[in-house]
file final-v7.cif (mmCIF, C-alpha atoms, pLDDT in the B column; chains and numbers go by the auth columns)
data_input
loop_
_atom_site.group_PDB
_atom_site.id
_atom_site.type_symbol
_atom_site.label_atom_id
_atom_site.label_comp_id
_atom_site.label_asym_id
_atom_site.label_seq_id
_atom_site.Cartn_x
_atom_site.Cartn_y
_atom_site.Cartn_z
_atom_site.B_iso_or_equiv
_atom_site.auth_seq_id
_atom_site.auth_asym_id
ATOM 1 C CA MET A 1 161.524 56.745 154.547 58.00 6 A
ATOM 2 C CA SER A 2 161.228 60.395 153.527 62.00 7 A
ATOM 3 C CA ASN A 3 157.916 61.888 152.398 65.00 8 A
ATOM 4 C CA ALA A 4 159.759 64.121 149.930 83.00 9 A
ATOM 5 C CA HIS A 5 159.333 63.544 146.222 82.00 10 A
ATOM 6 C CA ASP A 6 161.826 63.810 143.407 84.00 11 A
ATOM 7 C CA PRO A 7 161.636 67.424 142.170 83.00 12 A
ATOM 8 C CA GLN A 8 162.400 66.158 138.669 84.00 13 A
ATOM 9 C CA TRP A 9 159.571 63.582 138.660 82.00 14 A
ATOM 10 C CA GLU A 10 157.931 65.109 135.566 80.00 15 A
ATOM 11 C CA ASN A 11 161.144 64.544 133.586 84.00 16 A
ATOM 12 C CA ALA A 12 160.916 60.806 134.321 84.00 17 A
ATOM 13 C CA LEU A 13 157.973 60.378 131.947 80.00 18 A
ATOM 14 C CA THR A 14 158.551 59.526 128.281 81.00 19 A
ATOM 15 C CA VAL A 15 155.586 59.049 125.939 84.00 20 A
ATOM 16 C CA VAL A 16 156.259 56.006 123.759 86.00 21 A
ATOM 17 C CA GLN A 17 152.851 55.787 122.104 84.00 22 A
ATOM 18 C CA GLU A 18 149.733 57.893 121.859 85.00 23 A
ATOM 19 C CA VAL A 19 146.618 56.461 120.226 83.00 24 A
ATOM 20 C CA HIS A 20 143.195 57.915 119.524 79.00 25 A
ATOM 21 C CA LEU A 21 141.093 55.696 121.772 71.00 26 A
ATOM 22 C CA PRO A 22 139.509 52.877 119.755 69.00 27 A
ATOM 23 C CA PHE A 23 136.245 51.230 120.686 72.00 28 A
ATOM 24 C CA ILE A 24 136.300 49.710 124.175 77.00 29 A
ATOM 25 C CA PRO A 25 133.431 47.262 124.806 75.00 30 A
ATOM 26 C CA ASP A 26 131.232 47.723 127.902 81.00 31 A
ATOM 27 C CA GLY A 27 132.197 45.428 130.754 85.00 32 A
ATOM 28 C CA ALA A 28 135.664 44.761 129.349 86.00 33 A
ATOM 29 C CA ASP A 29 138.571 43.562 131.463 89.00 34 A
ATOM 30 C CA VAL A 30 142.206 44.426 130.812 90.00 35 A
ATOM 31 C CA MET A 31 144.942 41.792 130.704 91.00 36 A
ATOM 32 C CA THR A 32 148.703 42.379 130.510 94.00 37 A
ATOM 33 C CA VAL A 33 150.957 39.551 129.332 95.00 38 A
ATOM 34 C CA VAL A 34 154.659 39.134 128.560 97.00 39 A
ATOM 35 C CA ILE A 35 155.489 37.114 125.454 96.00 40 A
ATOM 36 C CA GLU A 36 158.964 35.679 124.912 97.00 41 A
ATOM 37 C CA TYR A 37 160.061 33.884 121.736 97.00 42 A
ATOM 38 C CA PRO A 38 163.382 32.090 121.229 98.00 43 A
ATOM 39 C CA PRO A 39 165.718 33.122 118.390 98.00 44 A
ATOM 40 C CA GLY A 40 164.148 32.577 114.967 97.00 45 A
ATOM 41 C CA SER A 41 160.663 31.752 116.292 97.00 46 A
ATOM 42 C CA ALA A 42 157.809 32.193 113.813 97.00 47 A
ATOM 43 C CA GLY A 43 155.583 33.339 116.684 96.00 48 A
ATOM 44 C CA ALA A 44 151.839 32.809 116.888 95.00 49 A
ATOM 45 C CA PRO A 45 149.790 31.717 113.853 95.00 50 A
ATOM 46 C CA PRO A 46 147.526 34.323 112.194 96.00 51 A
ATOM 47 C CA HIS A 47 144.906 35.452 114.693 95.00 52 A
ATOM 48 C CA ARG A 48 142.726 38.331 115.843 94.00 53 A
ATOM 49 C CA HIS A 49 141.839 39.821 119.191 91.00 54 A
ATOM 50 C CA PRO A 50 138.033 39.868 118.930 89.00 55 A
ATOM 51 C CA SER A 51 137.306 41.583 122.236 85.00 56 A
ATOM 52 C CA GLY A 52 139.155 44.828 121.672 85.00 57 A
ATOM 53 C CA PRO A 53 142.466 46.579 121.147 90.00 58 A
ATOM 54 C CA ALA A 54 145.939 45.476 122.214 92.00 59 A
ATOM 55 C CA PHE A 55 148.808 47.810 123.130 93.00 60 A
ATOM 56 C CA GLY A 56 152.393 46.583 123.249 96.00 61 A
ATOM 57 C CA TYR A 57 155.959 47.543 124.009 97.00 62 A
ATOM 58 C CA MET A 58 159.043 45.707 122.783 98.00 63 A
ATOM 59 C CA LEU A 59 161.337 44.892 125.713 98.00 64 A
ATOM 60 C CA GLU A 60 164.120 42.941 123.965 98.00 65 A
ATOM 61 C CA GLY A 61 165.082 41.959 120.442 98.00 66 A
ATOM 62 C CA GLU A 62 163.008 42.592 117.331 98.00 67 A
ATOM 63 C CA MET A 63 159.574 41.509 116.139 98.00 68 A
ATOM 64 C CA LEU A 64 158.335 41.154 112.577 97.00 69 A
ATOM 65 C CA PHE A 65 154.877 42.717 113.049 97.00 70 A
ATOM 66 C CA GLU A 66 152.166 42.481 110.426 96.00 71 A
ATOM 67 C CA LEU A 67 148.531 43.550 110.652 96.00 72 A
ATOM 68 C CA GLU A 68 145.880 43.309 107.981 96.00 73 A
ATOM 69 C CA GLY A 69 145.867 46.486 105.876 94.00 74 A
ATOM 70 C CA GLN A 70 149.463 47.435 106.779 94.00 75 A
ATOM 71 C CA PRO A 71 152.807 46.335 105.340 95.00 76 A
ATOM 72 C CA PRO A 72 154.973 44.171 107.614 96.00 77 A
ATOM 73 C CA ARG A 73 157.403 46.152 109.730 96.00 78 A
ATOM 74 C CA VAL A 74 160.098 45.494 112.298 98.00 79 A
ATOM 75 C CA ILE A 75 159.475 46.638 115.877 98.00 80 A
ATOM 76 C CA CYS A 76 162.714 47.058 117.859 98.00 81 A
ATOM 77 C CA ALA A 77 163.359 47.076 121.601 97.00 82 A
ATOM 78 C CA GLY A 78 162.097 50.344 123.073 96.00 83 A
ATOM 79 C CA GLU A 79 159.332 50.809 120.491 97.00 84 A
ATOM 80 C CA ALA A 80 155.589 50.604 121.046 96.00 85 A
ATOM 81 C CA PHE A 81 152.911 49.050 118.820 96.00 86 A
ATOM 82 C CA TRP A 82 149.171 48.544 118.891 94.00 87 A
ATOM 83 C CA GLU A 83 146.362 46.869 117.031 92.00 88 A
ATOM 84 C CA PRO A 84 142.687 47.804 117.000 90.00 89 A
ATOM 85 C CA GLY A 85 141.366 44.313 117.698 88.00 90 A
ATOM 86 C CA GLY A 86 137.962 43.227 116.453 88.00 91 A
ATOM 87 C CA ASP A 87 138.012 41.732 112.969 91.00 92 A
ATOM 88 C CA VAL A 88 141.580 42.779 112.005 94.00 93 A
ATOM 89 C CA ILE A 89 143.922 39.848 111.353 96.00 94 A
ATOM 90 C CA HIS A 90 147.309 39.875 113.091 95.00 95 A
ATOM 91 C CA TYR A 91 149.483 37.908 110.637 96.00 96 A
ATOM 92 C CA SER A 92 152.851 38.001 112.368 95.00 97 A
ATOM 93 C CA ASP A 93 154.538 38.593 115.716 96.00 98 A
ATOM 94 C CA ALA A 94 157.636 36.572 114.759 97.00 99 A
ATOM 95 C CA ASN A 95 161.075 37.018 116.277 98.00 100 A
ATOM 96 C CA ASN A 96 162.876 38.914 113.521 98.00 101 A
ATOM 97 C CA ARG A 97 166.291 37.711 114.736 97.00 102 A
ATOM 98 C CA ASP A 98 167.806 34.247 114.763 97.00 103 A
ATOM 99 C CA ASP A 99 170.538 35.126 117.279 98.00 104 A
ATOM 100 C CA VAL A 100 168.612 36.624 120.233 98.00 105 A
ATOM 101 C CA LYS A 101 165.274 36.109 121.927 98.00 106 A
ATOM 102 C CA SER A 102 162.449 38.596 121.531 98.00 107 A
ATOM 103 C CA ARG A 103 160.346 39.705 124.482 98.00 108 A
ATOM 104 C CA PHE A 104 157.421 42.098 124.546 97.00 109 A
ATOM 105 C CA VAL A 105 154.608 43.107 126.845 97.00 110 A
ATOM 106 C CA VAL A 106 151.017 43.453 125.595 95.00 111 A
ATOM 107 C CA THR A 107 148.004 44.922 127.380 93.00 112 A
ATOM 108 C CA MET A 108 144.755 43.660 125.865 91.00 113 A
ATOM 109 C CA VAL A 109 141.130 44.600 126.331 89.00 114 A
ATOM 110 C CA CYS A 110 139.119 41.421 126.857 87.00 115 A
ATOM 111 C CA VAL A 111 135.381 40.881 127.177 85.00 116 A
ATOM 112 C CA PRO A 112 134.551 38.231 129.803 84.00 117 A
ATOM 113 C CA GLY A 113 133.408 35.029 128.123 82.00 118 A
ATOM 114 C CA ARG A 114 135.093 35.861 124.793 83.00 119 A
ATOM 115 C CA PRO A 115 138.511 34.554 123.810 83.00 120 A
ATOM 116 C CA MET A 116 141.521 36.830 124.139 86.00 121 A
ATOM 117 C CA LEU A 117 142.865 35.426 120.873 89.00 122 A
ATOM 118 C CA GLU A 118 141.080 33.693 118.011 93.00 123 A
ATOM 119 C CA LEU A 119 143.034 31.759 115.346 94.00 124 A
ATOM 120 C CA VAL A 120 142.256 32.419 111.667 95.00 125 A
ATOM 121 C CA ASP A 121 141.984 29.380 109.377 95.00 126 A
ATOM 122 C CA GLU A 122 143.477 28.965 105.887 95.00 127 A
ATOM 123 C CA LYS A 123 140.094 29.404 104.174 96.00 128 A
ATOM 124 C CA GLU A 124 139.550 32.827 105.762 95.00 129 A
ATOM 125 C CA LEU A 125 143.150 33.863 105.047 94.00 130 A
ATOM 126 C CA ALA A 126 142.611 33.025 101.359 94.00 131 A
ATOM 127 C CA ALA A 127 139.278 34.879 101.243 95.00 132 A
ATOM 128 C CA ARG A 128 140.872 38.000 102.738 95.00 133 A
ATOM 129 C CA SER A 129 144.206 37.856 100.905 93.00 134 A
ATOM 130 C CA HIS A 130 143.283 41.046 98.997 93.00 135 A
ATOM 131 C CA LEU A 131 143.496 42.926 102.341 93.00 136 A
ATOM 132 C CA ARG A 132 147.102 41.876 102.998 92.00 137 A
ATOM 133 C CA VAL A 133 149.672 44.536 102.124 92.00 138 A
ATOM 134 C CA PRO A 134 152.969 43.224 100.702 88.00 139 A
ATOM 135 C CA ALA A 135 156.299 44.122 102.285 83.00 140 A
ATOM 136 C CA THR A 136 157.885 47.315 100.973 77.00 141 A
ATOM 137 C CA GLY A 137 161.422 45.946 101.014 64.00 142 A
ATOM 138 C CA ARG A 138 162.676 48.824 103.185 54.00 143 A
ATOM 139 C CA ASP A 139 162.885 46.923 106.503 48.00 144 A
#
call {"tool": "encode", "arguments": {"input": "final-v7.cif", "output": "structure tokens"}}
result
Amino acid sequence: MSNAHDPQWENALTVVQEVHLPFIPDGADVMTVVIEYPPGSAGAPPHRHPSGPAFGYMLEGEMLFELEGQPPRVICAGEAFWEPGGDVIHYSDANNRDDVKSRFVVTMVCVPGRPMLELVDEKELAARSHLRVPATGRD
């Protein structure tokens, strides 16, 4: 094997997302997972990531992505997304297509001893409904 490097190595890098660093708890671990939903899947129920932020990249298909305080939007293959974690509710990560699977990778900050994901019950959803932004109709 040659010790030479590709002279064009810097051209291999493409920035897909740049985020002002949110709060990262002391002692946090980082976990990367791949999530795959079949065609038409509603995805996970409303939840939050209490330990810290999550950063994702859509590998295949499309996701209907909705976070508290933001209108729902479609994330397509090749696009990045993130959520701040903490108290913010993640309403939807549904497969936006009924003809193909969706697959995405997410890297999450997790505090040992705290759950990576915490489901949100109907009572809390109702109490916070004023924080949910309706769809704009442009997706």
call {"tool": "residues_around", "arguments": {"input": "final-v7.cif", "residues": "Val105 (chain A)", "least_positions_apart": "5", "cutoff": "9 Å", "atoms": "only C-alpha atoms", "output": "list in words"}}
result
Pro43, Pro44, Gly45, Glu65, Gly66, Glu67 and Asn100 of chain A
call {"tool": "closest_residue", "arguments": {"input": "final-v7.cif", "among": "A:Gln13, A:Thr112, A:Ser56, A:Ser97", "to": "Ile29 (chain A)", "atoms": "all atoms listed in the file"}}
result
A:Ser56
call {"tool": "resolve_selection", "arguments": {"input": "final-v7.cif", "expression": "the PyMOL selection byres ((chain A and resi 70-77) around 6)", "output": "MDAnalysis selection string"}}
result
chainID A and resid 68:69 78:79 93:98 136:140
call {"tool": "axis_aligned_box", "arguments": {"input": "final-v7.cif", "around": "region 71-80 of chain A", "padding_each_side": "4 Å", "output": "AutoDock Vina command-line options"}}
result
--center_x 153.0 --center_y 45.0 --center_z 110.6 --size_x 22.2 --size_y 13.0 --size_z 18.5
call {"tool": "resolve_selection", "arguments": {"input": "final-v7.cif", "expression": "the PyMOL selection byres ((chain A and resi 25) around 12)", "output": "PDB file with C-alpha atoms, in the frame of the given file"}}
result
ATOM      1  CA  GLN A  22     152.851  55.787 122.104  1.00 84.00           C
ATOM      2  CA  GLU A  23     149.733  57.893 121.859  1.00 85.00           C
ATOM      3  CA  VAL A  24     146.618  56.461 120.226  1.00 83.00           C
ATOM      4  CA  LEU A  26     141.093  55.696 121.772  1.00 71.00           C
ATOM      5  CA  PRO A  27     139.509  52.877 119.755  1.00 69.00           C
ATOM      6  CA  PHE A  28     136.245  51.230 120.686  1.00 72.00           C
ATOM      7  CA  ILE A  29     136.300  49.710 124.175  1.00 77.00           C
ATOM      8  CA  PRO A  58     142.466  46.579 121.147  1.00 90.00           C
ATOM      9  CA  TRP A  87     149.171  48.544 118.891  1.00 94.00           C
ATOM     10  CA  GLU A  88     146.362  46.869 117.031  1.00 92.00           C
ATOM     11  CA  PRO A  89     142.687  47.804 117.000  1.00 90.00           C
TER      12      PRO A  89
END
call {"tool": "atom_distance", "arguments": {"input": "final-v7.cif", "atom1": "CA of Leu124 (chain A)", "atom2": "CA of Thr141 (chain A)"}}
result
25.9 Å
